[in-house]
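Here is the structure we will look at, set down as structure tokens.
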Amino acid sequence: MKERLSCIIVGAGHRAMYYATAYPDRMKVVGVADPSALRREQTAKRFGLDPSQCFESAEALAKEPKQADFIINGTMDDQHVPTSLPLLTRGYDMLLEKPFATNEEEMWALVSAARRTGRKVVICHVLRHTPFYAEIRRRIADGLIGEVINVQTTEHVSYHHMAVGFIRGKWNRSDYCQSTMLMAKSCHDLDLIAWMKSGIYPTNVTSFGSNFQFSPENAPPEAGTRCLIDCPIEKNCLYSAQKHYIDHPERWSFYVWDSLEHTDKPTLEDKIESLKTSPYGQCVWKTDMNVVDHQSVLVEFEDGCTATLNMIGGTSKPSRSIHLIGTHGEIQGCLEDNRFTIRQIDPRPGHEFTDEIVDLNITGDMTGAHGGHGGGDKRLVQDFLDYISGKQPSLSTTDIQDSVAGHLIGFCADQSLIENRIIAVKMQDRMRIIE
Ligand SMILES: NC(=O)c1ccc[n+]([C@@H]2O[C@H](COP(=O)([O-])OP(=O)(O)OC[C@H]3O[C@@H](n4cnc5c(N)ncnc54)[C@H](O)[C@@H]3O)[C@@H](O)[C@H]2O)c1
């Protein structure tokens with residue numbers, strides 16, 4: 001086996017940079033493709049690349065002979081498919097960000113291309129790689145709770161995450177970024193539902209949701225339009241840009257101070273000036289957002305199993321939970337606790353059920369020890385490197401075909417929201433054509 005695998009970063013944003021630097025002993029960055037001259041320059045400096053290793057786009061890179069083992073594709077949602085197709089044809093394996101497509105047709109185009117070219121494409125479903133979800137999945141695969149009858153998941157998107165991503169941020173308009181909030185934020189949770197039912201197709205999906213809070217009609221009567229310019233109630237506002245971004249300077253800094261990335265060390269004055277004009281200084285009730293702030297999804301699978309996701313934005317605490325109910329018992333837990341409970345039916349006299357707590361903090365799989373997303377970010381890269389080196393893939397690592405069901409549930413849920421009806425999931429026929 002080669003000592004270090006070589007990779008090229010396509011889309012040198014903060015996600016790709018994280019993956020690219022996760023295992024310097026196992027991988028070496030040998031190129032970058034990004035239309036931003038500043039990001040190409042910063043990446044070249046960081047990894048010691050010469051101009052011949054820097055490309056103005058994925059398409060330009062794909063025109064050249066293959067020059068690395070794999071690609072880290074960290075472009076934005078609507079660029080995932082157009083940038084990936086030529087690179088797969090050129091023969092690269094790929095670690096690709098989610099959502100890997102923004103509609104059903106382009107999703108199938110990418111899955112077909114991966115199949116046709118025989119390349120390995122792994123989607124950055126980082127939660128699958130957390131100790132929390134990986135350990136739960138292992139127990140489901142071992143049949144510990146029997147056949148899964150129902151899966152209940154929740155994602156609570158905190159008030160500060162909601163504001164920075166979906167009210168003021170890059171994902172606040174689905175007609176601009178091409179992703180709905182459900183796909184941009186909770187395609188992970190839909191993937192987890194589908195992954196827990198791996199091999200069993202979803203058949204029907206329905207969904208409800210809306211923007212409950214963040215519209216001009218709901219603005220406090222005295223609210224201005226920009227927190228640092230014309231708002232008399234800024235001091236008492238839960239969504240004050242001063243409180244979110246100046247008083248918490250590190251929180252979401254890679255989004256908020258994006259426009260200052262040409263400055264080595266932006267000063268406080270630079271930041272205050274930036275908030276006077278950037279999207280991040282807008283009143284949260286008066287932006288041009290067109291995405292929901294909460295959405296519920298109900299899914300039926302071909303074996304009769306049902307599943308739900310409740311995504312709620314604007315919560316006090318960020319959290320994700322899962323509760324799987326099987327024919328022999330149940331598994332229930334919250335990602336942030338890094339602990340879950342397994343209960344099994346126990347009909348013996350004097351008993352009702354057994355109760356086992358699996359505490360991953362105690363076993364040493366500490367959430368923070370392995371990086372962001374509950375430890376999933378770093379383990380994703382490790383699992384991907386093992387996979388493309390020819391090692392037995394972990395239970396969390398599957399090829400792109402196994403990421404289809406979760407995305408399809410999301411596309412159908414969004415269609416259901418618009419058309420106000422149950423949507424039949426047409427997965428089996430398309431999979432058959434591809435296979
Ligand atoms: N897995 C996760 O949990 C997770 C978390 C956050 C974001 N994401 C996803 O990661 C992706 C990247 O997000 P980000 O905030 O790092 O993005 P970003 O905007 O910081 O970076 C994207 C980069 O792609 C470049 N680009 C655009 N067109 C290109 C082309 N044709 N060829 C090459 N480069 C091109 C842009 O210039 C930019 O530098 C998004 O799809 C987002 O949804 C995933």
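Every chain in the structure tokens has a letter given in the order shown (A, B, ...), and although residue numbers restart at 1 in each chain, ligands are simply numbered from 1 in the order shown.
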Practice item. Set the cut-off to 9 Å, count only C-alpha atoms and all ligand atoms, and list whatever residues fall near ligand 1 as a VMD selection string. Key: chain A and resid 9 to 18 32 to 40 55 to 61 73 to 80 82 to 83 96 to 100 123 to 127 170 to 171 179 183 to 185 188 254 to 255 258 372 to 373 376 to 377
Point to revise | Residue list (strand (DSSP E), DSSP) for segment 44-245 of chain A, as a PyMOL selection string | key: chain A and resi 54-55+70-73+93-96+121-123+148-158+202-210
What would the file look like if the residues just selected were written as a CSV table (one decimal), in the first residue's frame with C-alpha atoms?
chain,number,residue,atom,x,y,z
A,54,CYS,CA,-3.8,25.2,-9.2
A,55,PHE,CA,-6.9,25.2,-11.4
A,70,PHE,CA,-9.0,11.2,-5.1
A,71,ILE,CA,-10.9,14.4,-5.0
A,72,ILE,CA,-12.4,16.2,-1.9
A,73,ASN,CA,-15.4,18.0,-3.4
A,93,ASP,CA,-12.6,8.6,-6.6
A,94,MET,CA,-14.4,11.2,-4.5
A,95,LEU,CA,-15.3,12.4,-1.1
A,96,LEU,CA,-18.4,14.5,-1.8
A,121,VAL,CA,-18.1,8.2,-4.4
A,122,VAL,CA,-18.7,8.6,-0.6
A,123,ILE,CA,-21.1,11.2,0.6
A,148,VAL,CA,-37.5,-2.1,13.1
A,149,ILE,CA,-41.2,-1.1,13.1
A,150,ASN,CA,-40.7,2.7,13.6
A,151,VAL,CA,-37.9,5.3,13.7
A,152,GLN,CA,-38.5,8.7,15.3
A,153,THR,CA,-35.8,11.3,14.8
A,154,THR,CA,-35.6,15.0,15.7
A,155,GLU,CA,-33.2,17.7,14.8
A,156,HIS,CA,-33.3,20.9,16.8
A,157,VAL,CA,-31.5,23.7,15.0
A,158,SER,CA,-30.4,26.2,17.6
A,202,PRO,CA,-39.1,3.9,1.3
A,203,THR,CA,-42.5,3.8,-0.5
A,204,ASN,CA,-44.5,6.9,0.6
A,205,VAL,CA,-43.7,10.3,2.1
A,206,THR,CA,-45.7,13.2,3.3
A,207,SER,CA,-44.6,16.4,5.0
A,208,PHE,CA,-45.9,19.6,6.7
A,209,GLY,CA,-44.0,22.8,7.6
A,210,SER,CA,-43.7,26.5,7.1
Check your understanding: Which residues in segment 267-337 of chain A does DSSP call helix (DSSP H, G or I)? List them as a PyMOL selection string.
Key -> chain A and resi 268-277+279-281+335-337
Check your understanding: So, counting only C-alpha atoms, which residue among A:Gln242, A:Asn310, A:Asn103, A:Ser112 is closest to Cys177 of chain A?
Key ->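 Of the candidates, the smallest distance to Cys177 of chain A is held by A:Asn103.
Once Asp230 of chain A and its same-chain neighbours fewer than 5 positions away are set aside, Glu222, Ala223, Gly224, Thr225, Lys235, Ser240, Lys276, Gly281, Gln282 and Cys283 of chain A remain within 12 Å of it when counting only C-alpha atoms.
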For the residues in the current selection, export N, CA and C atoms as a PDB file, in the first residue's frame.
ATOM      1  N   GLU A 222     -41.300  47.760  16.841  1.00  0.00           N
ATOM      2  CA  GLU A 222     -40.257  48.803  16.799  1.00  0.00           C
ATOM      3  C   GLU A 222     -39.011  48.361  16.026  1.00  0.00           C
ATOM      4  N   ALA A 223     -38.954  47.117  15.558  1.00  0.00           N
ATOM      5  CA  ALA A 223     -37.701  46.602  14.971  1.00  0.00           C
ATOM      6  C   ALA A 223     -37.265  47.424  13.764  1.00  0.00           C
ATOM      7  N   GLY A 224     -35.942  47.626  13.663  1.00  0.00           N
ATOM      8  CA  GLY A 224     -35.386  48.303  12.496  1.00  0.00           C
ATOM      9  C   GLY A 224     -35.121  47.288  11.398  1.00  0.00           C
ATOM     10  N   THR A 225     -34.214  47.626  10.459  1.00  0.00           N
ATOM     11  CA  THR A 225     -33.901  46.674   9.389  1.00  0.00           C
ATOM     12  C   THR A 225     -32.515  46.056   9.573  1.00  0.00           C
ATOM     13  N   LYS A 235     -30.754  45.907  21.854  1.00  0.00           N
ATOM     14  CA  LYS A 235     -30.193  45.471  23.147  1.00  0.00           C
ATOM     15  C   LYS A 235     -31.017  44.357  23.781  1.00  0.00           C
ATOM     16  N   SER A 240     -29.962  39.678  18.018  1.00  0.00           N
ATOM     17  CA  SER A 240     -29.076  40.805  17.732  1.00  0.00           C
ATOM     18  C   SER A 240     -27.763  40.330  17.094  1.00  0.00           C
ATOM     19  N   LYS A 276     -22.629  46.121   9.091  1.00  0.00           N
ATOM     20  CA  LYS A 276     -23.523  47.207   8.656  1.00  0.00           C
ATOM     21  C   LYS A 276     -24.021  46.982   7.222  1.00  0.00           C
ATOM     22  N   GLY A 281     -25.897  41.192   9.207  1.00  0.00           N
ATOM     23  CA  GLY A 281     -26.335  42.293  10.075  1.00  0.00           C
ATOM     24  C   GLY A 281     -27.818  42.613   9.926  1.00  0.00           C
ATOM     25  N   GLN A 282     -28.521  41.794   9.112  1.00  0.00           N
ATOM     26  CA  GLN A 282     -29.944  42.086   8.865  1.00  0.00           C
ATOM     27  C   GLN A 282     -30.827  41.687  10.041  1.00  0.00           C
ATOM     28  N   CYS A 283     -31.959  42.377  10.158  1.00  0.00           N
ATOM     29  CA  CYS A 283     -32.982  41.978  11.132  1.00  0.00           C
ATOM     30  C   CYS A 283     -33.520  40.620  10.700  1.00  0.00           C
TER      31      CYS A 283
END
Point to revise | Of the listed residues A:Cys412, A:Leu309, A:Leu324, A:Leu360, that which approaches Arg343 of chain A most closely, counting only C-alpha atoms | key: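 Of the candidates, the smallest distance to Arg343 of chain A is held by A:Leu324.
Among A:Tyr245, A:Glu105, A:Leu190, A:Leu88, the residue with the shortest atom-to-atom distance to His407 of chain A, counting only C-alpha atoms, is A:Leu190.
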Exercise for review: Give me, please, the distance in Å between atom CA of Trp195 of chain A and atom CA of Phe132 of chain A, quoted to one decimal.
Suggested key: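 If I compute the distance from atom CA of Trp195 of chain A to atom CA of Phe132 of chain A, I get 14.0 Å.
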Review point. Counting only C-alpha atoms, what is within 12 Å of segment 386-390 of chain A, bar same-chain residues fewer than 5 positions away, as a list of chain:residue names?
Key: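 Those residues are A:Met1, A:Lys2, A:Glu3, A:Arg4, A:Leu5, A:Ser6, A:Cys7, A:Tyr23, A:Arg26, A:Met27, A:Asp69, A:Phe70, A:Ile71, A:Tyr92, A:Asp93, A:Met94, A:Leu95, A:Arg119, A:Lys120, A:Val121, A:Val122, A:Arg379, A:Leu380, A:Val381, A:Leu395, A:Ser396, A:Thr397, A:Thr398, A:Asp399.
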So that I have them on file, write out the residues from the current selection with C-alpha atoms, as a PDB file, in the first residue's frame.
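Printed below is out17.pdb as written:
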ATOM      1  CA  MET A   1       0.000   0.000   0.000  1.00  0.00           C
ATOM      2  CA  LYS A   2       1.194   3.524  -0.838  1.00  0.00           C
ATOM      3  CA  GLU A   3       2.412   5.540   2.116  1.00  0.00           C
ATOM      4  CA  ARG A   4       0.172   8.561   1.582  1.00  0.00           C
ATOM      5  CA  LEU A   5      -2.793   8.931  -0.748  1.00  0.00           C
ATOM      6  CA  SER A   6      -2.793  12.051  -2.904  1.00  0.00           C
ATOM      7  CA  CYS A   7      -5.817  14.313  -3.217  1.00  0.00           C
ATOM      8  CA  TYR A  23      -4.926  13.084   8.461  1.00  0.00           C
ATOM      9  CA  ARG A  26      -2.219   9.439   5.494  1.00  0.00           C
ATOM     10  CA  MET A  27      -2.935  11.952   2.727  1.00  0.00           C
ATOM     11  CA  ASP A  69      -5.826   9.333  -6.077  1.00  0.00           C
ATOM     12  CA  PHE A  70      -8.986  11.179  -5.093  1.00  0.00           C
ATOM     13  CA  ILE A  71     -10.913  14.437  -4.960  1.00  0.00           C
ATOM     14  CA  TYR A  92     -11.107  10.100  -9.732  1.00  0.00           C
ATOM     15  CA  ASP A  93     -12.627   8.568  -6.605  1.00  0.00           C
ATOM     16  CA  MET A  94     -14.369  11.206  -4.517  1.00  0.00           C
ATOM     17  CA  LEU A  95     -15.349  12.373  -1.057  1.00  0.00           C
ATOM     18  CA  ARG A 119     -15.517   5.156  -9.247  1.00  0.00           C
ATOM     19  CA  LYS A 120     -15.992   5.179  -5.497  1.00  0.00           C
ATOM     20  CA  VAL A 121     -18.073   8.160  -4.365  1.00  0.00           C
ATOM     21  CA  VAL A 122     -18.667   8.557  -0.641  1.00  0.00           C
ATOM     22  CA  ARG A 379     -13.886   9.395  11.396  1.00  0.00           C
ATOM     23  CA  LEU A 380     -15.534   9.982   8.004  1.00  0.00           C
ATOM     24  CA  VAL A 381     -12.132  10.824   6.504  1.00  0.00           C
ATOM     25  CA  LEU A 395     -20.506  -0.186   8.462  1.00  0.00           C
ATOM     26  CA  SER A 396     -20.811   3.604   8.113  1.00  0.00           C
ATOM     27  CA  THR A 397     -19.079   3.747   4.714  1.00  0.00           C
ATOM     28  CA  THR A 398     -21.215   2.865   1.747  1.00  0.00           C
ATOM     29  CA  ASP A 399     -21.124   3.842  -1.873  1.00  0.00           C
TER      30      ASP A 399
END
Review point. Using only C-alpha atoms, which residues sit within 12 Å of Asp247 of chain A once same-chain residues fewer than 5 positions away are excluded, as a PyMOL selection string?
Key: chain A and resi 240-242+253+268+271-272
Can you write just those residues out, C-alpha atoms, as a PDB file, in the first residue's frame?
ATOM      1  CA  SER A 240     -29.076  40.805  17.732  1.00  0.00           C
ATOM      2  CA  ALA A 241     -26.130  40.578  15.304  1.00  0.00           C
ATOM      3  CA  GLN A 242     -23.997  42.294  17.951  1.00  0.00           C
ATOM      4  CA  SER A 253     -16.880  32.894  12.139  1.00  0.00           C
ATOM      5  CA  LEU A 268     -13.272  44.706  15.788  1.00  0.00           C
ATOM      6  CA  LYS A 271     -16.240  43.389  11.838  1.00  0.00           C
ATOM      7  CA  ILE A 272     -18.647  46.095  12.968  1.00  0.00           C
TER       8      ILE A 272
END
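Rounded to one decimal, atom CA of Met289 of chain A and atom CA of Pro216 of chain A lie 10.6 Å from each other.
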Point to revise | Atomic separation - atom CA of Met427 of chain A relative to atom CA of Ala405 of chain A, Å | key: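 Calculated distance between atom CA of Ala405 of chain A and atom CA of Met427 of chain A is 7.5 Å.
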Point to revise | From A:Leu298, A:Ala163, A:Ile434, A:Val111, residue lying nearest Leu417 of chain A [only C-alpha atoms] | key: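 Checking each candidate against Leu417 of chain A, we get A:Leu298 as the closest.
Proximity to Gln415 of chain A was assessed for A:Leu260, A:Val297, A:Leu385, A:Ile145 counting only C-alpha atoms; the smallest distance is recorded for A:Val297.
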Practice item. Would you mind telling me which residue in A:Leu275, A:Thr263, A:Arg251, A:Arg115 lies nearest to Met431 of chain A when using only C-alpha atoms? Key: A:Arg115
